[in-house]
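Colleague: Following this line is upload_10.cif, made up of mmCIF, N, CA, C and O atoms:
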```
data_start
loop_
_atom_site.label_atom_id
_atom_site.label_comp_id
_atom_site.auth_asym_id
_atom_site.auth_seq_id
_atom_site.Cartn_x
_atom_site.Cartn_y
_atom_site.Cartn_z
N MET Z 1 111.99 55.91 126.92
CA MET Z 1 111.08 56.93 126.44
C MET Z 1 109.94 56.26 125.68
O MET Z 1 110.14 55.34 124.90
N VAL Z 2 108.74 56.74 125.91
CA VAL Z 2 107.56 56.19 125.25
C VAL Z 2 107.21 57.08 124.08
O VAL Z 2 107.14 58.30 124.21
N GLU Z 3 107.00 56.49 122.94
CA GLU Z 3 106.63 57.26 121.76
C GLU Z 3 105.12 57.13 121.55
O GLU Z 3 104.57 56.03 121.56
N PHE Z 4 104.46 58.25 121.37
CA PHE Z 4 103.02 58.24 121.17
C PHE Z 4 102.70 58.24 119.68
O PHE Z 4 103.39 58.89 118.90
N PRO Z 5 101.65 57.53 119.33
CA PRO Z 5 101.21 57.63 117.94
C PRO Z 5 100.64 59.02 117.71
O PRO Z 5 100.36 59.76 118.65
N ARG Z 6 100.44 59.35 116.47
CA ARG Z 6 99.84 60.64 116.14
C ARG Z 6 98.44 60.71 116.74
O ARG Z 6 97.66 59.77 116.68
N LEU Z 7 98.15 61.82 117.36
CA LEU Z 7 96.83 62.00 117.95
C LEU Z 7 95.92 62.71 116.95
O LEU Z 7 96.32 63.64 116.28
N GLU Z 8 94.71 62.24 116.88
CA GLU Z 8 93.72 62.88 116.02
C GLU Z 8 92.52 63.23 116.88
O GLU Z 8 91.99 62.39 117.59
N TRP Z 9 92.15 64.49 116.85
CA TRP Z 9 91.02 64.94 117.64
C TRP Z 9 89.81 65.08 116.74
O TRP Z 9 89.92 65.53 115.62
N SER Z 10 88.68 64.70 117.26
CA SER Z 10 87.44 64.87 116.52
C SER Z 10 86.39 65.37 117.49
O SER Z 10 86.19 64.80 118.56
N PHE Z 11 85.74 66.46 117.11
CA PHE Z 11 84.67 67.01 117.93
C PHE Z 11 83.37 66.79 117.20
O PHE Z 11 83.24 67.14 116.03
N ALA Z 12 82.42 66.21 117.90
CA ALA Z 12 81.13 65.94 117.27
C ALA Z 12 80.01 66.32 118.22
O ALA Z 12 80.01 65.93 119.38
N TYR Z 13 79.10 67.11 117.73
CA TYR Z 13 77.92 67.45 118.51
C TYR Z 13 76.73 67.51 117.57
O TYR Z 13 76.81 68.21 116.57
N PRO Z 14 75.67 66.83 117.82
CA PRO Z 14 75.55 65.87 118.90
C PRO Z 14 76.46 64.66 118.69
O PRO Z 14 77.00 64.48 117.59
N CYS Z 15 76.58 63.86 119.71
CA CYS Z 15 77.48 62.71 119.65
C CYS Z 15 77.09 61.78 118.51
O CYS Z 15 75.91 61.52 118.30
N PRO Z 16 78.08 61.30 117.76
CA PRO Z 16 77.76 60.37 116.67
C PRO Z 16 77.31 59.02 117.22
O PRO Z 16 77.35 58.78 118.42
N ASP Z 17 76.90 58.18 116.34
CA ASP Z 17 76.53 56.82 116.70
C ASP Z 17 77.67 56.16 117.47
O ASP Z 17 78.84 56.37 117.14
N ILE Z 18 77.36 55.37 118.47
CA ILE Z 18 78.36 54.69 119.29
C ILE Z 18 79.35 53.91 118.42
O ILE Z 18 80.55 53.92 118.66
N ASP Z 19 78.87 53.26 117.38
CA ASP Z 19 79.75 52.47 116.52
C ASP Z 19 80.83 53.34 115.86
O ASP Z 19 81.94 52.89 115.64
N ALA Z 20 80.51 54.59 115.58
CA ALA Z 20 81.49 55.49 114.96
C ALA Z 20 82.63 55.83 115.92
O ALA Z 20 83.74 56.11 115.49
N LEU Z 21 82.36 55.78 117.21
CA LEU Z 21 83.40 56.10 118.20
C LEU Z 21 84.47 55.03 118.29
O LEU Z 21 85.56 55.28 118.79
N THR Z 22 84.19 53.85 117.79
CA THR Z 22 85.16 52.75 117.89
C THR Z 22 86.35 52.94 116.96
O THR Z 22 87.32 52.20 117.04
N GLU Z 23 86.29 53.96 116.10
CA GLU Z 23 87.43 54.26 115.22
C GLU Z 23 88.59 54.85 116.02
O GLU Z 23 89.70 54.93 115.52
N TYR Z 24 88.32 55.28 117.25
CA TYR Z 24 89.33 55.93 118.09
C TYR Z 24 89.77 55.01 119.21
O TYR Z 24 88.99 54.21 119.72
N SER Z 25 91.03 55.11 119.60
CA SER Z 25 91.55 54.32 120.72
C SER Z 25 91.09 54.89 122.04
O SER Z 25 90.89 54.16 123.01
N ILE Z 26 90.97 56.22 122.09
CA ILE Z 26 90.56 56.91 123.30
C ILE Z 26 89.44 57.88 122.95
O ILE Z 26 89.56 58.65 122.00
N VAL Z 27 88.38 57.82 123.73
CA VAL Z 27 87.25 58.72 123.53
C VAL Z 27 87.09 59.56 124.79
O VAL Z 27 86.93 59.02 125.88
N VAL Z 28 87.15 60.89 124.64
CA VAL Z 28 86.92 61.80 125.76
C VAL Z 28 85.55 62.44 125.53
O VAL Z 28 85.33 63.12 124.54
N LEU Z 29 84.65 62.18 126.46
CA LEU Z 29 83.28 62.67 126.36
C LEU Z 29 83.03 63.77 127.38
O LEU Z 29 83.49 63.69 128.51
N ASP Z 30 82.29 64.78 126.98
CA ASP Z 30 81.82 65.76 127.95
C ASP Z 30 80.65 65.12 128.69
O ASP Z 30 79.88 64.34 128.11
N TYR Z 31 80.51 65.43 129.96
CA TYR Z 31 79.39 64.88 130.74
C TYR Z 31 78.06 65.43 130.26
O TYR Z 31 77.10 64.69 130.10
N GLU Z 32 78.00 66.73 130.02
CA GLU Z 32 76.77 67.37 129.55
C GLU Z 32 76.78 67.42 128.02
O GLU Z 32 77.60 68.09 127.42
N LEU Z 33 75.86 66.70 127.41
CA LEU Z 33 75.82 66.65 125.95
C LEU Z 33 74.45 67.05 125.42
O LEU Z 33 73.98 66.51 124.42
N GLY Z 34 73.80 67.98 126.07
CA GLY Z 34 72.49 68.41 125.59
C GLY Z 34 71.44 67.36 125.85
O GLY Z 34 71.08 67.12 126.99
N ASP Z 35 70.98 66.71 124.80
CA ASP Z 35 69.92 65.72 124.94
C ASP Z 35 70.39 64.40 125.53
O ASP Z 35 69.57 63.60 125.95
N SER Z 36 71.68 64.16 125.53
CA SER Z 36 72.19 62.90 126.07
C SER Z 36 73.22 63.18 127.15
O SER Z 36 73.58 64.32 127.39
N SER Z 37 73.67 62.14 127.76
CA SER Z 37 74.64 62.26 128.85
C SER Z 37 75.91 61.52 128.47
O SER Z 37 75.86 60.40 127.95
N GLY Z 38 77.05 62.14 128.75
CA GLY Z 38 78.33 61.46 128.52
C GLY Z 38 78.42 60.18 129.32
O GLY Z 38 79.03 59.21 128.89
N ALA Z 39 77.78 60.17 130.50
CA ALA Z 39 77.78 58.98 131.34
C ALA Z 39 77.05 57.83 130.64
O ALA Z 39 77.53 56.69 130.62
N ASP Z 40 75.90 58.13 130.04
CA ASP Z 40 75.14 57.09 129.33
C ASP Z 40 75.91 56.56 128.13
O ASP Z 40 75.95 55.35 127.88
N ILE Z 41 76.53 57.47 127.38
CA ILE Z 41 77.31 57.06 126.22
C ILE Z 41 78.52 56.23 126.67
O ILE Z 41 78.83 55.21 126.06
N ALA Z 42 79.17 56.66 127.74
CA ALA Z 42 80.33 55.91 128.26
C ALA Z 42 79.93 54.49 128.66
O ALA Z 42 80.61 53.53 128.31
N LYS Z 43 78.81 54.35 129.38
CA LYS Z 43 78.35 53.01 129.80
C LYS Z 43 78.11 52.12 128.59
O LYS Z 43 78.52 50.97 128.56
N ASP Z 44 77.42 52.66 127.60
CA ASP Z 44 77.11 51.90 126.39
C ASP Z 44 78.40 51.52 125.65
O ASP Z 44 78.58 50.37 125.25
N LEU Z 45 79.29 52.47 125.51
CA LEU Z 45 80.56 52.24 124.80
C LEU Z 45 81.40 51.19 125.52
O LEU Z 45 81.93 50.27 124.91
N ILE Z 46 81.51 51.30 126.85
CA ILE Z 46 82.31 50.36 127.65
C ILE Z 46 81.71 48.95 127.56
O ILE Z 46 82.45 47.97 127.42
N SER Z 47 80.39 48.85 127.62
CA SER Z 47 79.78 47.51 127.59
C SER Z 47 79.88 46.85 126.21
O SER Z 47 80.10 45.65 126.11
N ARG Z 48 79.76 47.66 125.16
CA ARG Z 48 79.80 47.10 123.80
C ARG Z 48 81.20 46.98 123.22
O ARG Z 48 81.46 46.08 122.42
N TYR Z 49 82.09 47.89 123.60
CA TYR Z 49 83.45 47.92 123.04
C TYR Z 49 84.47 48.14 124.16
O TYR Z 49 85.02 49.23 124.28
N PRO Z 50 84.74 47.14 124.99
CA PRO Z 50 85.63 47.33 126.14
C PRO Z 50 87.07 47.69 125.76
O PRO Z 50 87.81 48.21 126.60
N GLU Z 51 87.46 47.49 124.52
CA GLU Z 51 88.83 47.82 124.10
C GLU Z 51 89.03 49.32 123.88
O GLU Z 51 90.16 49.81 123.85
N VAL Z 52 87.95 50.08 123.75
CA VAL Z 52 88.04 51.52 123.57
C VAL Z 52 88.18 52.18 124.94
O VAL Z 52 87.39 51.91 125.84
N ARG Z 53 89.19 53.01 125.10
CA ARG Z 53 89.41 53.72 126.36
C ARG Z 53 88.51 54.94 126.40
O ARG Z 53 88.39 55.66 125.42
N VAL Z 54 87.89 55.16 127.55
CA VAL Z 54 86.93 56.25 127.70
C VAL Z 54 87.31 57.13 128.88
O VAL Z 54 87.68 56.63 129.94
N CYS Z 55 87.21 58.44 128.68
CA CYS Z 55 87.34 59.43 129.75
C CYS Z 55 86.13 60.35 129.68
O CYS Z 55 85.59 60.58 128.61
N ILE Z 56 85.72 60.86 130.84
CA ILE Z 56 84.64 61.84 130.88
C ILE Z 56 85.21 63.13 131.44
O ILE Z 56 85.87 63.15 132.47
N LEU Z 57 84.93 64.22 130.75
CA LEU Z 57 85.34 65.56 131.15
C LEU Z 57 84.11 66.25 131.74
O LEU Z 57 83.07 66.30 131.10
N THR Z 58 84.24 66.74 132.98
CA THR Z 58 83.06 67.30 133.63
C THR Z 58 83.35 68.52 134.49
O THR Z 58 84.45 68.65 135.03
N GLY Z 59 82.37 69.37 134.60
CA GLY Z 59 82.41 70.49 135.52
C GLY Z 59 81.65 70.16 136.79
O GLY Z 59 81.58 70.94 137.72
N HIS Z 60 81.05 68.98 136.83
CA HIS Z 60 80.31 68.51 138.00
C HIS Z 60 81.25 67.81 138.96
O HIS Z 60 82.43 67.59 138.67
N ASP Z 61 80.72 67.38 140.07
CA ASP Z 61 81.49 66.66 141.07
C ASP Z 61 81.99 65.33 140.49
O ASP Z 61 81.19 64.52 140.02
N ARG Z 62 83.30 65.12 140.52
CA ARG Z 62 83.88 63.91 139.92
C ARG Z 62 83.36 62.64 140.58
O ARG Z 62 83.13 61.63 139.91
N GLU Z 63 83.18 62.67 141.90
CA GLU Z 63 82.70 61.49 142.61
C GLU Z 63 81.28 61.12 142.18
O GLU Z 63 80.95 59.94 142.05
N LYS Z 64 80.46 62.15 141.95
CA LYS Z 64 79.09 61.90 141.48
C LYS Z 64 79.11 61.22 140.12
O LYS Z 64 78.39 60.26 139.88
N VAL Z 65 79.95 61.72 139.23
CA VAL Z 65 80.04 61.14 137.89
C VAL Z 65 80.61 59.72 137.97
O VAL Z 65 80.11 58.81 137.31
N SER Z 66 81.62 59.52 138.80
CA SER Z 66 82.20 58.18 138.97
C SER Z 66 81.16 57.19 139.48
O SER Z 66 81.13 56.04 139.04
N ALA Z 67 80.30 57.64 140.39
CA ALA Z 67 79.25 56.77 140.92
C ALA Z 67 78.23 56.43 139.84
O ALA Z 67 77.65 55.34 139.84
N GLU Z 68 78.01 57.35 138.92
CA GLU Z 68 77.07 57.12 137.81
C GLU Z 68 77.59 56.09 136.81
O GLU Z 68 76.82 55.41 136.15
N VAL Z 69 78.91 56.03 136.68
CA VAL Z 69 79.54 55.11 135.73
C VAL Z 69 80.57 54.26 136.48
O VAL Z 69 81.78 54.47 136.35
N PRO Z 70 80.11 53.30 137.29
CA PRO Z 70 81.06 52.51 138.09
C PRO Z 70 82.04 51.68 137.25
O PRO Z 70 83.09 51.30 137.75
N GLU Z 71 81.69 51.44 136.00
CA GLU Z 71 82.59 50.68 135.11
C GLU Z 71 83.83 51.49 134.73
O GLU Z 71 84.81 50.94 134.25
N LEU Z 72 83.77 52.79 134.94
CA LEU Z 72 84.84 53.70 134.55
C LEU Z 72 85.72 54.01 135.76
O LEU Z 72 85.22 54.52 136.76
N PRO Z 73 87.02 53.69 135.71
CA PRO Z 73 87.90 54.02 136.83
C PRO Z 73 87.85 55.52 137.14
O PRO Z 73 87.78 56.36 136.23
N ALA Z 74 87.89 55.86 138.41
CA ALA Z 74 87.78 57.26 138.85
C ALA Z 74 88.85 58.15 138.21
O ALA Z 74 88.60 59.33 137.94
N GLU Z 75 90.02 57.59 137.93
CA GLU Z 75 91.09 58.39 137.31
C GLU Z 75 90.74 58.83 135.90
O GLU Z 75 91.38 59.71 135.33
N GLN Z 76 89.71 58.23 135.31
CA GLN Z 76 89.31 58.57 133.96
C GLN Z 76 88.14 59.57 133.92
O GLN Z 76 87.59 59.83 132.86
N VAL Z 77 87.78 60.09 135.09
CA VAL Z 77 86.82 61.18 135.18
C VAL Z 77 87.62 62.43 135.46
O VAL Z 77 88.25 62.56 136.51
N LEU Z 78 87.64 63.36 134.52
CA LEU Z 78 88.51 64.53 134.57
C LEU Z 78 87.70 65.79 134.83
O LEU Z 78 86.66 66.00 134.22
N SER Z 79 88.20 66.63 135.73
CA SER Z 79 87.51 67.86 136.09
C SER Z 79 87.89 69.00 135.17
O SER Z 79 89.06 69.22 134.87
N LYS Z 80 86.89 69.77 134.73
CA LYS Z 80 87.13 70.93 133.87
C LYS Z 80 87.69 72.11 134.64
O LYS Z 80 88.18 73.05 134.03
N THR Z 81 87.60 72.09 135.96
CA THR Z 81 87.98 73.26 136.74
C THR Z 81 89.46 73.57 136.67
O THR Z 81 89.86 74.71 136.88
N ASP Z 82 90.27 72.59 136.36
CA ASP Z 82 91.71 72.83 136.27
C ASP Z 82 92.24 72.17 135.00
O ASP Z 82 92.53 70.98 134.97
N LEU Z 83 92.35 72.96 133.93
CA LEU Z 83 92.76 72.40 132.64
C LEU Z 83 94.18 71.83 132.68
O LEU Z 83 94.48 70.87 131.99
N ASP Z 84 95.07 72.42 133.50
CA ASP Z 84 96.41 71.85 133.65
C ASP Z 84 96.31 70.44 134.22
O ASP Z 84 97.01 69.53 133.77
N ASP Z 85 95.43 70.27 135.20
CA ASP Z 85 95.23 68.95 135.79
C ASP Z 85 94.68 67.98 134.74
O ASP Z 85 95.11 66.84 134.65
N VAL Z 86 93.75 68.44 133.91
CA VAL Z 86 93.18 67.59 132.85
C VAL Z 86 94.29 67.13 131.91
O VAL Z 86 94.39 65.94 131.58
N CYS Z 87 95.13 68.07 131.48
CA CYS Z 87 96.23 67.71 130.56
C CYS Z 87 97.18 66.72 131.21
O CYS Z 87 97.59 65.75 130.58
N ASN Z 88 97.52 66.94 132.47
CA ASN Z 88 98.42 66.03 133.17
C ASN Z 88 97.81 64.65 133.36
O ASN Z 88 98.48 63.63 133.21
N ARG Z 89 96.51 64.61 133.69
CA ARG Z 89 95.85 63.32 133.88
C ARG Z 89 95.75 62.56 132.54
O ARG Z 89 95.95 61.36 132.48
N LEU Z 90 95.41 63.29 131.46
CA LEU Z 90 95.36 62.63 130.14
C LEU Z 90 96.73 62.10 129.75
O LEU Z 90 96.85 60.99 129.24
N LYS Z 91 97.78 62.88 130.01
CA LYS Z 91 99.14 62.44 129.70
C LYS Z 91 99.47 61.17 130.49
O LYS Z 91 100.01 60.21 129.94
N ALA Z 92 99.12 61.15 131.78
CA ALA Z 92 99.38 59.97 132.61
C ALA Z 92 98.61 58.76 132.10
O ALA Z 92 99.14 57.64 132.05
N LEU Z 93 97.35 58.97 131.69
CA LEU Z 93 96.56 57.85 131.15
C LEU Z 93 97.13 57.36 129.83
O LEU Z 93 97.23 56.15 129.59
N LEU Z 94 97.55 58.27 128.96
CA LEU Z 94 98.15 57.88 127.69
C LEU Z 94 99.41 57.05 127.93
O LEU Z 94 99.64 56.03 127.28
N LEU Z 95 100.24 57.49 128.88
CA LEU Z 95 101.46 56.73 129.21
C LEU Z 95 101.11 55.36 129.74
O LEU Z 95 101.68 54.34 129.33
N LYS Z 96 100.14 55.30 130.64
CA LYS Z 96 99.72 54.03 131.23
C LYS Z 96 99.21 53.08 130.15
O LYS Z 96 99.59 51.91 130.11
N TRP Z 97 98.38 53.58 129.25
CA TRP Z 97 97.82 52.73 128.22
C TRP Z 97 98.85 52.34 127.17
O TRP Z 97 98.83 51.25 126.62
N GLN Z 98 99.79 53.24 126.89
CA GLN Z 98 100.84 52.95 125.90
C GLN Z 98 101.75 51.84 126.40
O GLN Z 98 102.12 50.96 125.67
N VAL Z 99 102.07 51.91 127.70
CA VAL Z 99 102.96 50.91 128.31
C VAL Z 99 102.20 49.60 128.56
O VAL Z 99 102.80 48.54 128.61
N GLY Z 100 100.90 49.71 128.71
CA GLY Z 100 100.08 48.51 128.88
C GLY Z 100 99.94 48.06 130.31
O GLY Z 100 99.73 46.89 130.59
N THR Z 101 100.04 48.99 131.25
CA THR Z 101 99.88 48.62 132.66
C THR Z 101 98.50 48.90 133.14
O THR Z 101 97.75 49.60 132.55
#
```
Will you turn the file into structure tokens for me?
Modeller:
Amino acid sequence: MVEFPRLEWSFAYPCPDIDALTEYSIVVLDYELGDSSGADIAKDLISRYPEVRVCILTGHDREKVSAEVPELPAEQVLSKTDLDDVCNRLKALLLKWQVGT
């Protein structure tokens, strides 16, 4: 059995400075962020802080978003259309990252 650390959620709009996001092990970004794009923030975060895990939550086509952020594995682009699927995918990613595979 895998034990998860306590999860802490933080919602910020507009998105805080990239450096502030490094306080979290996992950052879930919405694709549409008003003046900025979750894809742009994800690229910057991944390039500057590769140890931080990033997921993008989107109502757009997942393949389009994946193509925009090739550094981000497709499994880390989550569709808003099925929240059960989002929860299951996040759980699978948390397990994967916790086990270290």
Colleague: Would you list the contacts of segment 24-31 of chain Z as a PyMOL selection string, taking every protein, DNA or RNA residue within 5 Å and counting all atoms listed in the file, but skipping same-chain residues closer than 3 positions in sequence?
Modeller: chain Z and resi 20-21+36-39+51-58
Colleague: May I ask for the distance between atom O of Thr22 of chain Z and atom N of Val65 of chain Z, given in Å to one decimal place?
Modeller: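 Interatomic distance here is 25.2 Å.
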Colleague: Fewer than 2 positions away in the same chain doesn't count, so skip those; otherwise give me all residues within 7 Å of segment 66-79 of chain Z, counting all atoms listed in the file, as a list in words.
Modeller: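 Skipping anything fewer than 2 positions along the chain leaves Leu29, Ala39, Asp40, Lys43, Val54, Cys55, Ile56, Leu57, Thr58, Gly59, His60, Asp61, Arg62, Glu63, Lys64, Thr81, Asp82, Leu83, Asp84, Asp85, Val86, Arg89, Leu90 and Leu93 of chain Z.
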Colleague: Give me, please, the distance in Å between atom CA of Leu45 of chain Z and atom CA of Asn88 of chain Z, quoted to one decimal.
Modeller: 24.1 Å
Colleague: In Å, with one decimal, what is the gap from atom N of Arg48 of chain Z to atom C of Lys80 of chain Z?
Modeller: 27.4 Å
Colleague: Identify all residues of chain Z in strand (DSSP E) (DSSP on the backbone) and supply them as a list in words.
Modeller: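 Strand (DSSP E) assignments inside chain Z correspond to Ile26, Val27, Val28, Leu29, Asp30, Glu32, Leu33, Ser36, Ser37, Arg53, Val54, Cys55, Ile56, Leu57, Thr58, Val77, Leu78 and Ser79 of chain Z.
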